[in-house]
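Enquirer: Submitted below is the structure of interest, expressed as structure tokens.
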Amino acid sequence: MGVIEDIYADVEADVSLEKFRDAVEAKVEQMGGLADEETAAMLIAHELRDEEVSGIADIEPGMEEVKFLAKVTGIGELRSFERDDEEEGRVINVEAADESGSVRLAFWDEQAAAIDEEGIDPGTVLRVKGRPKEGYNGLEVSVSQAEEDPDAEIDVTIQDTYRIEDLSLGLSDVDLRGKVLATDSIRTFERDDGSEGRVANLTLGDETGRVRVTLWDERTEAAERLSPGESVEVVDGYVRERDGSLELHVGNRGAIEGIEEEIEYVPRTTPIEELEIDDVADVGGVVRSADPKRTFERDDGSEGQVRNVRVQDETGDIRVALWGEKADIDLGPGDAVQFADVEIQDGWQDDIEASAGWRSTVTVTESTPRPATEESDSADLSSFGDSQDGGSSSDTDSDSEAGSDSTDRSTPESSDGNERSSGGDGPDGNAGETIEFTGTVVQPGNPAKLDDGETTMTVLTETDLSLGEEVTARGTVREGRLDAEEVR
């Protein structure tokens, strides 16, 4: 055996002896006679060893090229795209892992088409060669060469069904069972190619937590077909990240269907007395009062809506502002409800309040039958018998306890201090006058918008206001806008 063969035998690299010889000859020629075949062979062997990594954890973006073993844990969908030269490209992402970590493998064009046509099974061990980079969802290797290694073993378990706490960024082929906690309406959007897309969201929970599910195109019908409380199974989902939180996505390759098995969801709520400003928390309790829904006009001309409810647990109570579609949820006094991911903000009279926006989830866990004669969802607190002597509170006590939730608007100059003309003249009826206007912030910024249930007032102010906060603005009305001198 010659010297080149001896050096090649010590190299555990995925390269044939013939290619190794060719590389040695090229190196000798490159160095212009400064190195003999033995020296050139040692240089090539060193370069080959540098490409090998002991595990996925050793791979870093920016490395020239790496070689490693990995077990396939999930296979994505074949996607087509248009390159800058207007040629069509194809890519398919494969999730892989070893004992040290996980990585996304990007296969391009012919390789991608071959995987899509011939398939590849989760659990297959691949010997991979490629260039690592920082991808959209973390570490990614653009594969130049990959082949199955049936003799290699990697101690990574492939899960058949995931729990919510098992989800991690980049997972695909995810099967998961959960209980529907909330659903949203279907929304449409225009893609770059001019076609119309559809998207909808729902929230699932199991005994380990909850997750927001994003449904695309044909799968969006599940948001209308399924109802809170149903148990379902997601098949072939994939995990993405949005605003720092994991989401489970279901595309045309995936599915979501109802199942007979009852999935348990145990909410983990923060006691109301422990809530602090700027928290994003889960709150649960019983609805004590529910105001009617109010609509308002945003600066862009679109219509918004908000509804306030007051919720009580064993430690205290808090007002919760329901924004957008959440204002349409059927909530009334006596209902048991869970609010997830609500923002805790500075409220009225040094109190705190919760804001349930697009990221929040509202789940009614127990509903109280509504009287047939009930004309609105608003109720004063006297009907709940929460006075200290155990009897019913008077109407006056109820108004005092409810604070900003209960306001007498029966007279032109109401008890909240708003001086406005009767007869629905609106803000223009006070043009040029100095007035006070108390309302809920339905649009922060400058100008801000306040709503008191009857009138939406545009307020010019430099004061930093929070969505859902109730404030009083004092100033002069000009052209339908209140130029605030003071906001408290």
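Identifiers in the structure tokens: chain A, B, ... in order shown; residue index from 1 per chain; ligand index from 1 in order shown.
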Identify, on the basis of only C-alpha atoms, every residue whose closest approach to Ala356 in chain A does not exceed 9 Å; exclude the query and any residue fewer than 3 positions from it along the same chain; express the result as JSON, numbers by chain.
Expert: {"A": [320, 321, 322, 323, 326, 339, 340, 341, 342, 343, 359, 360, 361, 362]}
Enquirer: Tell me which protein, DNA and RNA residues are within 8 Å of Ser185 in chain A, counting only C-alpha atoms, leaving out same-chain ones fewer than 6 positions away, and put them as a list in words.
Expert: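 Final neighbour list, sorted by chain and number: Ala200, Asn201, Ala223 and Glu224 of chain A.
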Enquirer: Please produce an output containing all heavy atoms for each residue in the selection, written as a PDB file, in the first residue's frame.
Expert:
ATOM      1  N   ALA A 200     -57.355  31.604   9.169  1.00  0.00           N
ATOM      2  CA  ALA A 200     -58.201  31.668  10.364  1.00  0.00           C
ATOM      3  C   ALA A 200     -57.410  31.090  11.532  1.00  0.00           C
ATOM      4  O   ALA A 200     -56.426  30.366  11.336  1.00  0.00           O
ATOM      5  CB  ALA A 200     -59.507  30.898  10.165  1.00  0.00           C
ATOM      6  N   ASN A 201     -57.849  31.417  12.728  1.00  0.00           N
ATOM      7  CA  ASN A 201     -57.155  30.940  13.923  1.00  0.00           C
ATOM      8  C   ASN A 201     -58.133  30.288  14.888  1.00  0.00           C
ATOM      9  O   ASN A 201     -59.313  30.635  14.943  1.00  0.00           O
ATOM     10  CB  ASN A 201     -56.446  32.088  14.639  1.00  0.00           C
ATOM     11  CG  ASN A 201     -55.356  32.713  13.816  1.00  0.00           C
ATOM     12  OD1 ASN A 201     -55.538  33.783  13.253  1.00  0.00           O
ATOM     13  ND2 ASN A 201     -54.219  32.058  13.737  1.00  0.00           N
ATOM     14  N   ALA A 223     -62.491  26.436  11.328  1.00  0.00           N
ATOM     15  CA  ALA A 223     -62.783  27.495  12.294  1.00  0.00           C
ATOM     16  C   ALA A 223     -64.284  27.749  12.392  1.00  0.00           C
ATOM     17  O   ALA A 223     -64.769  28.209  13.433  1.00  0.00           O
ATOM     18  CB  ALA A 223     -62.051  28.774  11.909  1.00  0.00           C
ATOM     19  N   GLU A 224     -65.030  27.477  11.322  1.00  0.00           N
ATOM     20  CA  GLU A 224     -66.479  27.637  11.339  1.00  0.00           C
ATOM     21  C   GLU A 224     -67.184  26.337  11.727  1.00  0.00           C
ATOM     22  O   GLU A 224     -68.279  26.370  12.288  1.00  0.00           O
ATOM     23  CB  GLU A 224     -66.970  28.090   9.962  1.00  0.00           C
ATOM     24  CG  GLU A 224     -66.445  29.465   9.551  1.00  0.00           C
ATOM     25  CD  GLU A 224     -66.951  29.883   8.185  1.00  0.00           C
ATOM     26  OE1 GLU A 224     -67.319  28.979   7.401  1.00  0.00           O
ATOM     27  OE2 GLU A 224     -66.977  31.089   7.902  1.00  0.00           O
TER      28      GLU A 224
END
Enquirer: If you count only C-alpha atoms, which residues fall within 7 Å of range 160-174 of chain A, apart from same-chain ones fewer than 5 positions away, as a list in words?
Expert: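 Result of the neighbour search: Gly74, Ile75, Gly76, Glu95, Asn137, Asp206, Thr208, Gly209, Arg210, Val211, Val235, Asp236, Gly237, Tyr238, Val239, Arg240, Glu241 and Leu246 of chain A.
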Enquirer: Would you save the residues from that selection as a compact mmCIF listing (two decimals), in the first residue's frame, using all heavy atoms?
Expert:
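Written file, out_17.txt:
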# COMPACT_ATOMS: atom_id res chain seq x y z
N GLY A 74 -38.95 14.89 10.51
CA GLY A 74 -40.14 15.43 9.87
C GLY A 74 -39.83 15.91 8.47
O GLY A 74 -38.69 16.29 8.16
N ILE A 75 -40.82 15.86 7.60
CA ILE A 75 -40.66 16.27 6.19
C ILE A 75 -41.71 17.31 5.86
O ILE A 75 -42.89 17.11 6.12
CB ILE A 75 -40.79 15.06 5.23
CG1 ILE A 75 -39.76 13.98 5.58
CG2 ILE A 75 -40.60 15.52 3.79
CD1 ILE A 75 -40.28 12.90 6.49
N GLY A 76 -41.27 18.42 5.28
CA GLY A 76 -42.19 19.48 4.90
C GLY A 76 -42.78 19.28 3.52
O GLY A 76 -42.59 18.24 2.88
N GLU A 95 -36.73 18.19 8.66
CA GLU A 95 -36.23 18.37 10.02
C GLU A 95 -35.43 17.14 10.41
O GLU A 95 -35.84 16.00 10.14
CB GLU A 95 -37.40 18.56 10.99
CG GLU A 95 -38.38 19.65 10.59
CD GLU A 95 -37.75 21.02 10.53
OE1 GLU A 95 -36.78 21.25 11.27
OE2 GLU A 95 -38.22 21.86 9.74
N ASN A 137 -36.12 30.18 10.78
CA ASN A 137 -36.51 29.54 12.04
C ASN A 137 -35.33 28.93 12.77
O ASN A 137 -35.47 27.95 13.48
CB ASN A 137 -37.57 28.46 11.77
CG ASN A 137 -38.88 29.04 11.30
OD1 ASN A 137 -39.40 29.96 11.92
ND2 ASN A 137 -39.41 28.52 10.21
N ASP A 206 -54.46 21.35 26.05
CA ASP A 206 -54.44 19.99 26.59
C ASP A 206 -53.95 20.08 28.03
O ASP A 206 -53.85 21.17 28.60
CB ASP A 206 -53.61 19.04 25.73
CG ASP A 206 -52.13 19.37 25.71
OD1 ASP A 206 -51.69 20.21 26.53
OD2 ASP A 206 -51.39 18.79 24.89
N THR A 208 -51.15 19.92 29.20
CA THR A 208 -49.83 20.53 29.35
C THR A 208 -49.79 22.01 28.99
O THR A 208 -48.77 22.66 29.21
CB THR A 208 -48.78 19.79 28.50
OG1 THR A 208 -49.04 20.04 27.11
CG2 THR A 208 -48.82 18.30 28.75
N GLY A 209 -50.85 22.55 28.40
CA GLY A 209 -50.83 23.97 28.03
C GLY A 209 -51.80 24.26 26.90
O GLY A 209 -52.75 23.52 26.67
N ARG A 210 -51.56 25.33 26.19
CA ARG A 210 -52.41 25.72 25.06
C ARG A 210 -51.54 26.28 23.95
O ARG A 210 -50.40 26.70 24.18
CB ARG A 210 -53.46 26.75 25.49
CG ARG A 210 -52.88 28.09 25.85
CD ARG A 210 -53.97 29.12 26.15
NE ARG A 210 -53.35 30.40 26.45
CZ ARG A 210 -52.87 30.75 27.62
NH1 ARG A 210 -52.97 29.92 28.65
NH2 ARG A 210 -52.29 31.92 27.80
N VAL A 211 -52.10 26.32 22.73
CA VAL A 211 -51.35 26.82 21.58
C VAL A 211 -52.31 27.45 20.59
O VAL A 211 -53.46 26.99 20.44
CB VAL A 211 -50.53 25.68 20.92
CG1 VAL A 211 -51.45 24.63 20.30
CG2 VAL A 211 -49.57 26.22 19.88
N VAL A 235 -53.42 16.79 12.29
CA VAL A 235 -52.53 15.86 11.59
C VAL A 235 -51.63 16.65 10.64
O VAL A 235 -52.10 17.54 9.92
CB VAL A 235 -53.34 14.81 10.79
CG1 VAL A 235 -52.41 13.88 10.03
CG2 VAL A 235 -54.24 14.02 11.73
N ASP A 236 -50.34 16.34 10.67
CA ASP A 236 -49.35 16.96 9.77
C ASP A 236 -49.33 18.48 9.90
O ASP A 236 -49.33 19.22 8.91
CB ASP A 236 -49.63 16.57 8.32
CG ASP A 236 -49.22 15.14 8.01
OD1 ASP A 236 -48.42 14.59 8.80
OD2 ASP A 236 -49.69 14.57 7.02
N GLY A 237 -49.28 18.95 11.14
CA GLY A 237 -49.07 20.38 11.36
C GLY A 237 -47.59 20.72 11.40
O GLY A 237 -46.73 19.82 11.41
N TYR A 238 -47.27 21.99 11.42
CA TYR A 238 -45.87 22.42 11.53
C TYR A 238 -45.80 23.66 12.41
O TYR A 238 -46.73 24.46 12.48
CB TYR A 238 -45.24 22.67 10.16
CG TYR A 238 -45.99 23.63 9.26
CD1 TYR A 238 -45.63 24.98 9.18
CD2 TYR A 238 -47.06 23.20 8.47
CE1 TYR A 238 -46.31 25.86 8.35
CE2 TYR A 238 -47.75 24.07 7.64
CZ TYR A 238 -47.37 25.39 7.59
OH TYR A 238 -48.04 26.27 6.77
N VAL A 239 -44.68 23.80 13.13
CA VAL A 239 -44.55 24.82 14.17
C VAL A 239 -43.77 26.02 13.65
O VAL A 239 -42.69 25.88 13.08
CB VAL A 239 -43.86 24.23 15.42
CG1 VAL A 239 -43.76 25.29 16.52
CG2 VAL A 239 -44.61 23.01 15.92
N ARG A 240 -44.35 27.19 13.86
CA ARG A 240 -43.70 28.45 13.51
C ARG A 240 -43.74 29.38 14.72
O ARG A 240 -44.38 29.09 15.73
CB ARG A 240 -44.39 29.11 12.31
CG ARG A 240 -44.28 28.31 11.02
CD ARG A 240 -42.85 28.30 10.52
NE ARG A 240 -42.73 27.57 9.26
CZ ARG A 240 -42.39 26.29 9.19
NH1 ARG A 240 -42.15 25.59 10.30
NH2 ARG A 240 -42.29 25.69 8.01
N GLU A 241 -43.08 30.51 14.59
CA GLU A 241 -43.03 31.48 15.69
C GLU A 241 -43.64 32.80 15.24
O GLU A 241 -43.44 33.24 14.10
CB GLU A 241 -41.59 31.71 16.15
CG GLU A 241 -41.47 32.64 17.34
CD GLU A 241 -40.02 32.86 17.74
OE1 GLU A 241 -39.15 32.92 16.85
OE2 GLU A 241 -39.75 32.97 18.95
N LEU A 246 -44.88 30.32 20.04
CA LEU A 246 -45.00 29.25 19.07
C LEU A 246 -46.44 29.13 18.59
O LEU A 246 -47.38 29.30 19.37
CB LEU A 246 -44.56 27.92 19.68
CG LEU A 246 -43.09 27.79 20.07
CD1 LEU A 246 -42.82 26.42 20.67
CD2 LEU A 246 -42.18 28.05 18.88
Enquirer: Rounded to one decimal in Å, what is the spacing between CA of Arg298 in chain A and CA of Ala473 in chain A?
Expert: 18.5 Å
Enquirer: Residues near range 90-94 of chain A, anyone? I mean within 9 Å using only C-alpha atoms, not counting same-chain ones fewer than 4 positions away, as an mmCIF file with N, CA, C and O atoms, in the first residue's frame.
Expert:
data_model
loop_
_atom_site.group_PDB
_atom_site.id
_atom_site.type_symbol
_atom_site.label_atom_id
_atom_site.label_comp_id
_atom_site.auth_asym_id
_atom_site.auth_seq_id
_atom_site.Cartn_x
_atom_site.Cartn_y
_atom_site.Cartn_z
ATOM 1 N N VAL A 72 -33.866 11.795 10.396
ATOM 2 C CA VAL A 72 -35.019 12.558 9.907
ATOM 3 C C VAL A 72 -36.154 12.468 10.926
ATOM 4 O O VAL A 72 -36.559 11.380 11.331
ATOM 5 N N THR A 73 -36.667 13.639 11.341
ATOM 6 C CA THR A 73 -37.777 13.678 12.292
ATOM 7 C C THR A 73 -39.055 14.233 11.667
ATOM 8 O O THR A 73 -40.141 14.085 12.235
ATOM 9 N N GLY A 74 -38.949 14.890 10.514
ATOM 10 C CA GLY A 74 -40.137 15.435 9.867
ATOM 11 C C GLY A 74 -39.826 15.906 8.467
ATOM 12 O O GLY A 74 -38.686 16.287 8.156
ATOM 13 N N ILE A 75 -40.821 15.859 7.600
ATOM 14 C CA ILE A 75 -40.660 16.265 6.194
ATOM 15 C C ILE A 75 -41.707 17.307 5.858
ATOM 16 O O ILE A 75 -42.891 17.106 6.121
ATOM 17 N N GLY A 76 -41.272 18.422 5.284
ATOM 18 C CA GLY A 76 -42.190 19.484 4.902
ATOM 19 C C GLY A 76 -42.778 19.279 3.516
ATOM 20 O O GLY A 76 -42.593 18.235 2.878
ATOM 21 N N GLU A 77 -43.477 20.318 3.050
ATOM 22 C CA GLU A 77 -44.106 20.256 1.735
ATOM 23 C C GLU A 77 -43.169 20.825 0.666
ATOM 24 O O GLU A 77 -42.361 21.717 0.935
ATOM 25 N N LEU A 78 -43.289 20.301 -0.565
ATOM 26 C CA LEU A 78 -42.542 20.834 -1.692
ATOM 27 C C LEU A 78 -43.107 22.206 -2.055
ATOM 28 O O LEU A 78 -44.321 22.363 -2.225
ATOM 29 N N ARG A 79 -42.248 23.226 -2.123
ATOM 30 C CA ARG A 79 -42.692 24.575 -2.464
ATOM 31 C C ARG A 79 -41.956 25.060 -3.708
ATOM 32 O O ARG A 79 -40.768 24.772 -3.888
ATOM 33 N N SER A 80 -42.675 25.781 -4.526
ATOM 34 C CA SER A 80 -42.084 26.380 -5.726
ATOM 35 C C SER A 80 -41.965 27.882 -5.530
ATOM 36 O O SER A 80 -42.751 28.493 -4.808
ATOM 37 N N PHE A 81 -40.962 28.478 -6.187
ATOM 38 C CA PHE A 81 -40.755 29.916 -6.085
ATOM 39 C C PHE A 81 -40.088 30.406 -7.360
ATOM 40 O O PHE A 81 -39.567 29.614 -8.161
ATOM 41 N N GLU A 82 -40.104 31.711 -7.571
ATOM 42 C CA GLU A 82 -39.497 32.297 -8.760
ATOM 43 C C GLU A 82 -38.192 32.983 -8.389
ATOM 44 O O GLU A 82 -38.150 33.818 -7.498
ATOM 45 N N VAL A 103 -31.768 20.377 13.453
ATOM 46 C CA VAL A 103 -31.407 21.273 12.363
ATOM 47 C C VAL A 103 -32.415 21.097 11.227
ATOM 48 O O VAL A 103 -33.007 20.025 11.079
ATOM 49 N N ARG A 104 -32.601 22.149 10.472
ATOM 50 C CA ARG A 104 -33.434 22.058 9.270
ATOM 51 C C ARG A 104 -32.524 21.864 8.063
ATOM 52 O O ARG A 104 -31.543 22.596 7.883
ATOM 53 N N LEU A 105 -32.868 20.888 7.236
ATOM 54 C CA LEU A 105 -32.122 20.604 6.010
ATOM 55 C C LEU A 105 -32.933 21.115 4.824
ATOM 56 O O LEU A 105 -34.091 20.724 4.656
ATOM 57 N N ALA A 106 -32.333 21.962 4.014
ATOM 58 C CA ALA A 106 -33.010 22.504 2.835
ATOM 59 C C ALA A 106 -32.494 21.784 1.593
ATOM 60 O O ALA A 106 -31.308 21.864 1.261
ATOM 61 N N PHE A 107 -33.395 21.058 0.914
ATOM 62 C CA PHE A 107 -33.060 20.367 -0.330
ATOM 63 C C PHE A 107 -33.647 21.161 -1.492
ATOM 64 O O PHE A 107 -34.820 21.565 -1.447
ATOM 65 N N TRP A 108 -32.860 21.346 -2.556
ATOM 66 C CA TRP A 108 -33.252 22.239 -3.641
ATOM 67 C C TRP A 108 -33.456 21.489 -4.958
ATOM 68 O O TRP A 108 -32.800 20.483 -5.231
ATOM 69 N N ASP A 109 -34.389 22.005 -5.750
ATOM 70 C CA ASP A 109 -34.596 21.603 -7.138
ATOM 71 C C ASP A 109 -34.699 20.088 -7.317
ATOM 72 O O ASP A 109 -35.632 19.490 -6.821
ATOM 73 N N GLU A 110 -33.719 19.444 -8.030
ATOM 74 C CA GLU A 110 -33.842 18.025 -8.321
ATOM 75 C C GLU A 110 -33.903 17.185 -7.049
ATOM 76 O O GLU A 110 -34.657 16.206 -6.966
ATOM 77 N N GLN A 111 -33.112 17.542 -6.059
ATOM 78 C CA GLN A 111 -33.149 16.805 -4.800
ATOM 79 C C GLN A 111 -34.520 16.923 -4.142
ATOM 80 O O GLN A 111 -35.065 15.940 -3.627
ATOM 81 N N ALA A 112 -35.069 18.133 -4.158
ATOM 82 C CA ALA A 112 -36.381 18.360 -3.560
ATOM 83 C C ALA A 112 -37.451 17.558 -4.290
ATOM 84 O O ALA A 112 -38.329 16.943 -3.659
ATOM 85 N N ALA A 113 -37.396 17.566 -5.611
ATOM 86 C CA ALA A 113 -38.379 16.823 -6.404
ATOM 87 C C ALA A 113 -38.273 15.326 -6.130
ATOM 88 O O ALA A 113 -39.287 14.616 -6.063
ATOM 89 N N ILE A 115 -37.255 13.826 -3.354
ATOM 90 C CA ILE A 115 -37.837 13.526 -2.039
ATOM 91 C C ILE A 115 -39.356 13.545 -2.115
ATOM 92 O O ILE A 115 -40.043 12.706 -1.541
ATOM 93 N N ASP A 116 -39.901 14.512 -2.875
ATOM 94 C CA ASP A 116 -41.348 14.629 -2.994
ATOM 95 C C ASP A 116 -41.941 13.422 -3.724
ATOM 96 O O ASP A 116 -43.021 12.934 -3.362
ATOM 97 N N SER A 172 -42.176 19.661 12.117
ATOM 98 C CA SER A 172 -43.185 19.434 11.085
ATOM 99 C C SER A 172 -43.745 18.026 11.257
ATOM 100 O O SER A 172 -43.295 17.267 12.125
#
Enquirer: Which one is closest to Asn252 in chain A: A:Ser231, A:Thr214, A:Thr269, A:Ser302? Count only C-alpha atoms.
Expert: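 Using only C-alpha atoms, the shortest distance to Asn252 in chain A belongs to A:Thr214.
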Enquirer: I need the alpha helix (DSSP H) residues of range 80-124 of chain A per DSSP on the backbone, written as a PyMOL selection string.
Expert: chain A and resi 109-118
Enquirer: How would the residues just picked look written out with all heavy atoms as a CSV table (one decimal), in the first residue's frame?
Expert:
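The result, written out as selection-v3.csv:
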chain,number,residue,atom,x,y,z
A,109,ASP,N,-34.4,22.0,-5.7
A,109,ASP,CA,-34.6,21.6,-7.1
A,109,ASP,C,-34.7,20.1,-7.3
A,109,ASP,O,-35.6,19.5,-6.8
A,109,ASP,CB,-33.5,22.2,-8.0
A,109,ASP,CG,-33.5,23.8,-7.9
A,109,ASP,OD1,-34.7,24.3,-7.8
A,109,ASP,OD2,-32.5,24.4,-7.9
A,110,GLU,N,-33.7,19.4,-8.0
A,110,GLU,CA,-33.8,18.0,-8.3
A,110,GLU,C,-33.9,17.2,-7.0
A,110,GLU,O,-34.7,16.2,-7.0
A,110,GLU,CB,-32.7,17.5,-9.2
A,110,GLU,CG,-32.7,18.0,-10.6
A,110,GLU,CD,-32.2,19.5,-10.8
A,110,GLU,OE1,-31.7,20.0,-9.7
A,110,GLU,OE2,-32.3,20.0,-11.8
A,111,GLN,N,-33.1,17.5,-6.1
A,111,GLN,CA,-33.1,16.8,-4.8
A,111,GLN,C,-34.5,16.9,-4.1
A,111,GLN,O,-35.1,15.9,-3.6
A,111,GLN,CB,-32.1,17.3,-3.8
A,111,GLN,CG,-30.7,17.0,-4.2
A,111,GLN,CD,-29.7,17.5,-3.2
A,111,GLN,OE1,-29.8,18.6,-2.7
A,111,GLN,NE2,-28.6,16.7,-2.9
A,112,ALA,N,-35.1,18.1,-4.2
A,112,ALA,CA,-36.4,18.4,-3.6
A,112,ALA,C,-37.5,17.6,-4.3
A,112,ALA,O,-38.3,16.9,-3.7
A,112,ALA,CB,-36.7,19.8,-3.6
A,113,ALA,N,-37.4,17.6,-5.6
A,113,ALA,CA,-38.4,16.8,-6.4
A,113,ALA,C,-38.3,15.3,-6.1
A,113,ALA,O,-39.3,14.6,-6.1
A,113,ALA,CB,-38.2,17.1,-7.9
A,114,ALA,N,-37.0,14.8,-6.0
A,114,ALA,CA,-36.8,13.4,-5.7
A,114,ALA,C,-37.4,13.0,-4.4
A,114,ALA,O,-38.1,11.9,-4.3
A,114,ALA,CB,-35.3,13.1,-5.8
A,115,ILE,N,-37.3,13.8,-3.4
A,115,ILE,CA,-37.8,13.5,-2.0
A,115,ILE,C,-39.4,13.5,-2.1
A,115,ILE,O,-40.0,12.7,-1.5
A,115,ILE,CB,-37.3,14.5,-1.0
A,115,ILE,CG1,-35.8,14.3,-0.7
A,115,ILE,CG2,-38.1,14.4,0.3
A,115,ILE,CD1,-35.2,15.3,0.2
A,116,ASP,N,-39.9,14.5,-2.9
A,116,ASP,CA,-41.3,14.6,-3.0
A,116,ASP,C,-41.9,13.4,-3.7
A,116,ASP,O,-43.0,12.9,-3.4
A,116,ASP,CB,-41.7,15.9,-3.7
A,116,ASP,CG,-43.2,16.2,-3.8
A,116,ASP,OD1,-43.8,16.2,-2.7
A,116,ASP,OD2,-43.7,16.3,-4.9
A,117,GLU,N,-41.2,12.9,-4.7
A,117,GLU,CA,-41.8,11.8,-5.5
A,117,GLU,C,-41.5,10.5,-4.9
A,117,GLU,O,-42.4,9.6,-4.8
A,117,GLU,CB,-41.1,11.8,-6.9
A,117,GLU,CG,-41.5,13.0,-7.8
A,117,GLU,CD,-40.7,13.1,-9.1
A,117,GLU,OE1,-39.9,12.2,-9.3
A,117,GLU,OE2,-40.9,14.1,-9.8
A,118,GLU,N,-40.3,10.3,-4.4
A,118,GLU,CA,-39.9,8.9,-3.8
A,118,GLU,C,-40.2,8.8,-2.3
A,118,GLU,O,-40.4,7.7,-1.8
A,118,GLU,CB,-38.4,8.7,-4.1
A,118,GLU,CG,-38.1,8.7,-5.6
A,118,GLU,CD,-36.6,8.7,-5.8
A,118,GLU,OE1,-35.9,8.4,-4.8
A,118,GLU,OE2,-36.1,8.9,-6.9
Enquirer: Quick one, how far is CA of Asp279 in chain A from CA of Asp330 in chain A?
Expert: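 Between these atoms lies a distance of 25.9 Å.
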